[in-house]
>>> print(open('input-v5.pdb').read())   # PDB, C-alpha atoms
MODEL        1
ATOM      1  CA  MET A   2       6.028  -9.232 -27.519
ATOM      2  CA  SER A   3       7.535  -7.657 -24.485
ATOM      3  CA  GLU A   4      10.549  -5.485 -23.917
ATOM      4  CA  ARG A   5      12.554  -5.035 -20.761
ATOM      5  CA  ASN A   6      11.398  -2.401 -18.291
ATOM      6  CA  THR A   7      13.758  -3.293 -15.476
ATOM      7  CA  TRP A   8      14.071   0.181 -13.954
ATOM      8  CA  ILE A   9      10.345   0.893 -13.823
ATOM      9  CA  ARG A  10       9.480  -2.624 -12.678
ATOM     10  CA  SER A  11      12.133  -2.380  -9.943
ATOM     11  CA  LEU A  12      10.693   0.904  -8.642
ATOM     12  CA  HIS A  13       7.222  -0.640  -8.642
ATOM     13  CA  ASP A  14       8.263  -3.860  -6.918
ATOM     14  CA  LEU A  15      10.761  -2.445  -4.415
ATOM     15  CA  GLY A  16       8.341   0.306  -3.423
ATOM     16  CA  LEU A  17       5.581  -2.232  -2.849
ATOM     17  CA  ALA A  18       7.942  -4.552  -0.962
ATOM     18  CA  ALA A  19       8.946  -1.760   1.426
ATOM     19  CA  TRP A  20       5.335  -0.597   1.861
ATOM     20  CA  PHE A  21       4.116  -4.120   2.624
ATOM     21  CA  GLY A  22       7.100  -5.205   4.704
ATOM     22  CA  GLY A  23       7.327  -1.999   6.699
ATOM     23  CA  SER A  24       3.640  -1.985   7.550
ATOM     24  CA  LEU A  25       3.687  -5.653   8.558
ATOM     25  CA  MET A  26       6.847  -5.269  10.662
ATOM     26  CA  GLY A  27       5.380  -2.185  12.328
ATOM     27  CA  ALA A  28       2.088  -3.889  13.165
ATOM     28  CA  VAL A  29       3.812  -7.005  14.508
ATOM     29  CA  GLY A  30       7.264  -6.001  15.693
ATOM     30  CA  LEU A  31       7.188  -2.316  16.568
ATOM     31  CA  ASN A  32       3.740  -2.271  18.166
ATOM     32  CA  GLY A  33       4.400  -5.569  19.961
ATOM     33  CA  ALA A  34       7.767  -4.423  21.313
ATOM     34  CA  ALA A  35       6.352  -1.058  22.405
ATOM     35  CA  LYS A  36       3.567  -2.831  24.279
ATOM     36  CA  ASP A  37       5.978  -5.280  25.941
ATOM     37  CA  GLU A  38       8.694  -2.774  26.808
ATOM     38  CA  GLY A  39       6.781   0.458  27.356
ATOM     39  CA  GLY A  40       5.953  -0.129  31.008
ATOM     40  CA  SER A  41       2.667   1.762  30.706
ATOM     41  CA  GLU A  42       0.126   2.338  27.946
ATOM     42  CA  LYS A  43       1.256   5.926  27.524
ATOM     43  CA  ALA A  44       4.951   4.983  27.355
ATOM     44  CA  GLY A  45       4.181   2.167  24.908
ATOM     45  CA  ALA A  46       2.207   4.574  22.746
ATOM     46  CA  ARG A  47       5.127   7.026  22.844
ATOM     47  CA  ILE A  48       7.623   4.332  21.769
ATOM     48  CA  SER A  49       5.381   3.057  19.001
ATOM     49  CA  SER A  50       4.580   6.573  17.791
ATOM     50  CA  SER A  51       8.267   7.442  17.662
ATOM     51  CA  GLY A  52       9.047   4.392  15.542
ATOM     52  CA  TRP A  53       6.167   4.997  13.145
ATOM     53  CA  ALA A  54       7.145   8.680  12.804
ATOM     54  CA  LYS A  55      10.705   7.658  11.888
ATOM     55  CA  TRP A  56       9.351   5.198   9.299
ATOM     56  CA  THR A  57       6.966   7.710   7.668
ATOM     57  CA  PRO A  58       9.485   9.422   5.317
ATOM     58  CA  VAL A  59      10.831   6.042   4.142
ATOM     59  CA  ASN A  60       7.290   4.763   3.662
ATOM     60  CA  MET A  61       6.357   7.862   1.662
ATOM     61  CA  ALA A  62       9.391   7.328  -0.595
ATOM     62  CA  ALA A  63       8.470   3.652  -1.024
ATOM     63  CA  ILE A  64       4.877   4.504  -1.918
ATOM     64  CA  GLY A  65       6.081   7.166  -4.350
ATOM     65  CA  ALA A  66       8.442   4.685  -6.018
ATOM     66  CA  HIS A  67       5.645   2.114  -6.253
ATOM     67  CA  LEU A  68       3.207   4.610  -7.782
ATOM     68  CA  PHE A  69       5.779   5.994 -10.231
ATOM     69  CA  GLY A  70       6.776   2.479 -11.274
ATOM     70  CA  GLY A  71       3.137   1.417 -11.535
ATOM     71  CA  GLY A  72       2.326   4.395 -13.739
ATOM     72  CA  GLY A  73       5.313   3.595 -15.938
ATOM     73  CA  LEU A  74       4.274  -0.043 -16.243
ATOM     74  CA  LEU A  75       0.768   1.029 -17.173
ATOM     75  CA  VAL A  76       2.156   3.221 -19.962
ATOM     76  CA  VAL A  77       4.469   0.558 -21.397
ATOM     77  CA  ASN A  78       1.787  -2.131 -21.141
ATOM     78  CA  ALA A  79      -1.171  -0.069 -22.377
ATOM     79  CA  HIS A  80      -1.473  -2.286 -25.452
ATOM     80  CA  ARG A  81      -1.825  -5.369 -23.230
ATOM     81  CA  VAL A  82      -4.390  -3.662 -20.992
ATOM     82  CA  ALA A  83      -6.439  -2.741 -24.057
ATOM     83  CA  ASN A  84      -6.050  -5.966 -26.039
ATOM     84  CA  GLN A  85      -5.328  -8.940 -23.793
ATOM     85  CA  GLN A  86      -8.331 -10.515 -22.148
ATOM     86  CA  GLY A  87      -8.210 -10.333 -18.346
ATOM     87  CA  VAL A  88      -5.491  -7.680 -18.089
ATOM     88  CA  ALA A  89      -7.870  -4.706 -17.893
ATOM     89  CA  ALA A  90      -9.817  -6.421 -15.097
ATOM     90  CA  SER A  91      -6.703  -7.216 -13.060
ATOM     91  CA  THR A  92      -5.357  -3.697 -13.684
ATOM     92  CA  THR A  93      -8.625  -2.214 -12.453
ATOM     93  CA  ALA A  94      -8.502  -4.433  -9.368
ATOM     94  CA  LYS A  95      -4.919  -3.329  -8.693
ATOM     95  CA  THR A  96      -5.913   0.323  -9.045
ATOM     96  CA  VAL A  97      -8.831  -0.021  -6.619
ATOM     97  CA  VAL A  98      -6.754  -1.930  -4.048
ATOM     98  CA  THR A  99      -3.915   0.610  -4.391
ATOM     99  CA  ALA A 100      -6.349   3.462  -3.730
ATOM    100  CA  ALA A 101      -7.703   1.625  -0.668
ATOM    101  CA  ALA A 102      -4.154   0.979   0.616
ATOM    102  CA  LEU A 103      -3.279   4.651   0.136
ATOM    103  CA  ALA A 104      -6.402   5.715   2.033
ATOM    104  CA  ALA A 105      -5.711   3.243   4.849
ATOM    105  CA  THR A 106      -2.086   4.396   5.073
ATOM    106  CA  ALA A 107      -3.125   8.055   5.249
ATOM    107  CA  TYR A 108      -5.802   7.302   7.855
ATOM    108  CA  ALA A 109      -3.293   5.325   9.932
ATOM    109  CA  ARG A 110      -0.943   8.306   9.879
ATOM    110  CA  VAL A 111      -3.702  10.701  10.953
ATOM    111  CA  LEU A 112      -4.677   8.432  13.842
ATOM    112  CA  GLY A 113      -1.024   7.812  14.672
ATOM    113  CA  LYS A 114      -0.330  11.525  14.846
ATOM    114  CA  LYS A 115      -3.254  11.946  17.255
ATOM    115  CA  VAL A 116      -1.899   9.196  19.514
ATOM    116  CA  GLU A 117       1.597  10.671  19.205
ATOM    117  CA  LEU A 118       0.410  14.087  20.394
ATOM    118  CA  ALA A 119      -1.795  12.681  23.161
ATOM    119  CA  SER A 120       0.987  10.489  24.573
ATOM    120  CA  SER A 121       3.826  13.008  24.237
ATOM    121  CA  SER A 122       5.658  14.513  27.176
ATOM    122  CA  ASP A 123       6.668  17.573  25.120
ATOM    123  CA  PRO A 124       4.844  20.692  26.448
ATOM    124  CA  GLU A 125       4.081  21.929  22.898
ATOM    125  CA  ASP A 126       2.551  18.585  21.940
ATOM    126  CA  ILE A 127       0.545  18.463  25.176
ATOM    127  CA  GLU A 128      -0.864  21.908  24.373
ATOM    128  CA  LYS A 129      -1.815  20.823  20.837
ATOM    129  CA  ALA A 130      -3.406  17.640  22.187
ATOM    130  CA  GLU A 131      -5.452  19.622  24.715
ATOM    131  CA  GLN A 132      -6.811  21.832  21.925
ATOM    132  CA  HIS A 133      -8.055  18.701  20.105
ATOM    133  CA  PRO A 134      -8.842  16.093  22.774
ATOM    134  CA  ILE A 135      -9.420  12.504  21.651
ATOM    135  CA  ASP A 136     -10.795   9.335  23.172
ATOM    136  CA  MET A 137      -7.397   7.638  23.469
ATOM    137  CA  ASP A 138      -8.715   4.083  23.856
ATOM    138  CA  ARG A 139     -11.004   4.376  20.851
ATOM    139  CA  THR A 140      -8.302   6.015  18.723
ATOM    140  CA  ARG A 141      -5.744   3.330  19.638
ATOM    141  CA  ARG A 142      -8.224   0.564  18.766
ATOM    142  CA  GLN A 143      -8.953   2.187  15.389
ATOM    143  CA  LEU A 144      -5.229   2.645  14.775
ATOM    144  CA  ALA A 145      -4.443  -0.968  15.644
ATOM    145  CA  CYS A 146      -7.132  -2.120  13.223
ATOM    146  CA  VAL A 147      -6.079   0.094  10.313
ATOM    147  CA  GLN A 148      -2.419  -0.828  10.865
ATOM    148  CA  TRP A 149      -3.430  -4.418   9.995
ATOM    149  CA  VAL A 150      -5.524  -3.294   7.030
ATOM    150  CA  VAL A 151      -2.470  -1.766   5.318
ATOM    151  CA  PRO A 152      -0.427  -5.006   5.098
ATOM    152  CA  ALA A 153      -3.576  -6.913   4.121
ATOM    153  CA  LEU A 154      -4.175  -4.550   1.200
ATOM    154  CA  THR A 155      -0.532  -4.297   0.147
ATOM    155  CA  GLY A 156      -0.257  -8.095   0.404
ATOM    156  CA  THR A 157      -3.213  -8.286  -1.966
ATOM    157  CA  LEU A 158      -1.256  -6.012  -4.316
ATOM    158  CA  VAL A 159       1.655  -8.466  -4.194
ATOM    159  CA  VAL A 160      -0.711 -11.247  -5.273
ATOM    160  CA  LEU A 161      -2.200  -9.110  -8.071
ATOM    161  CA  ASN A 162       1.337  -8.251  -9.159
ATOM    162  CA  ALA A 163       2.075 -11.982  -9.412
ATOM    163  CA  LEU A 164      -1.050 -12.371 -11.547
ATOM    164  CA  HIS A 165       0.168  -9.597 -13.853
ATOM    165  CA  GLY A 166       3.500 -11.399 -14.166
ATOM    166  CA  GLU A 167       1.716 -14.591 -15.164
ATOM    167  CA  GLN A 168      -0.405 -12.705 -17.696
ATOM    168  CA  GLN A 169       2.758 -11.354 -19.293
ATOM    169  CA  ARG A 170       4.059 -14.784 -20.291
ATOM    170  CA  PRO A 171       4.044 -15.266 -24.071
ATOM    171  CA  THR A 172       1.811 -18.324 -23.652
ATOM    172  CA  GLU A 173      -0.776 -16.036 -21.982
ATOM    173  CA  GLN A 174      -0.419 -13.021 -24.263
ATOM    174  CA  LEU A 175      -1.236 -14.574 -27.623
ATOM    175  CA  PRO A 176      -4.343 -16.509 -26.561
ATOM    176  CA  GLY A 177      -5.491 -13.560 -24.419
ATOM    177  CA  MET A 178      -5.191 -11.126 -27.306
ATOM    178  CA  TRP A 179      -6.783 -13.600 -29.721
ATOM    179  CA  GLU A 180      -9.743 -14.176 -27.367
ATOM    180  CA  ARG A 181     -10.197 -10.431 -26.871
ATOM    181  CA  ALA A 182     -10.197  -9.834 -30.631
ATOM    182  CA  ARG A 183     -12.620 -12.716 -31.178
ATOM    183  CA  SER A 184     -14.951 -11.423 -28.456
ATOM    184  CA  ALA A 185     -14.880  -7.930 -29.975
ATOM    185  CA  THR A 186     -16.000  -9.246 -33.372
ATOM    186  CA  HIS A 187     -18.998 -10.995 -31.788
ATOM    187  CA  PHE A 188     -20.358  -7.685 -30.543
ATOM    188  CA  MET A 189     -20.150  -6.024 -33.963
TER     189      MET A 189
ENDMDL
END
>>> encode(input="input-v5.pdb", output="structure tokens")
Amino acid sequence: MSERNTWIRSLHDLGLAAWFGGSLMGAVGLNGAAKDEGGSEKAGARISSSGWAKWTPVNMAAIGAHLFGGGGLLVVNAHRVANQQGVAASTTAKTVVTAAALAATAYARVLGKKVELASSSDPEDIEKAEQHPIDMDRTRRQLACVQWVVPALTGTLVVLNALHGEQQRPTEQLPGMWERARSATHFM
């Protein structure tokens, strides 16, 4: 019924683990430490922005691995998506949540970059920030909110991934495919 897809599954799962774990650690640990140790709001924002900027390339690689692995799993499991009852629905849910997590991650980076520029002591950054002034309090509140949305969405992906694992058990596949075939004949 199923063959091994260890490499693709590993990319998918490790990418998601890093995306979820990094976003949660950043929201809790990095932002909390920057607030506690920054001394001022501006210094805290600078510390937090620096940490998030250093994490961005790793996060992008993790997201890329997750998406590549997810695409590969979709290809190798296309027959299950098409024929096993419930798999198409959970795959659709995963796709929608992934898109939302991607959008939230991108929006967090845009807001984070604005805070980074506005709190920088670098003359070039200060000049850029002055060309595009922001309401720093409002932007920080939005950023704090969206930085919690990302782990909430990626955590949801972990749960949906667990559901997909359960659906792949042989005891789930045969009845699911049988029920799908039976349902299809009722509509004919």
>>> atom_distance(input="input-v5.pdb", atom1="atom CA of Asn84 of chain A", atom2="atom CA of Gly166 of chain A")
16.2 Å
>>> closest_residue(input="input-v5.pdb", among="A:Thr155, A:Thr106, A:Gln168, A:Asn162", to="Arg10 of chain A", atoms="only C-alpha atoms")
A:Asn162
>>> closest_residue(input="input-v5.pdb", among="A:His133, A:His165, A:Arg110, A:Arg141", to="Ala54 of chain A", atoms="all atoms listed in the file")
A:Arg110
>>> atom_distance(input="input-v5.pdb", atom1="atom CA of Tyr108 of chain A", atom2="atom CA of Ser24 of chain A")
13.2 Å
>>> closest_residue(input="input-v5.pdb", among="A:Ala102, A:Met137, A:Ala46, A:Ala89", to="Leu17 of chain A", atoms="only C-alpha atoms")
A:Ala102
>>> closest_residue(input="input-v5.pdb", among="A:Leu31, A:Leu164, A:Ala130, A:Ala153", to="Trp53 of chain A", atoms="all atoms listed in the file")
A:Leu31
>>> atom_distance(input="input-v5.pdb", atom1="atom CA of Glu117 of chain A", atom2="atom CA of Ala100 of chain A")
25.3 Å
>>> resolve_selection(input="input-v5.pdb", expression="the PyMOL selection byres ((chain A and resi 13) around 7)", output="list in words")
Ile9, Arg10, Ser11, Leu12, Asp14, Leu15, Gly16, Leu17, Ala66, His67, Leu68, Phe69, Gly70 and Gly71 of chain A
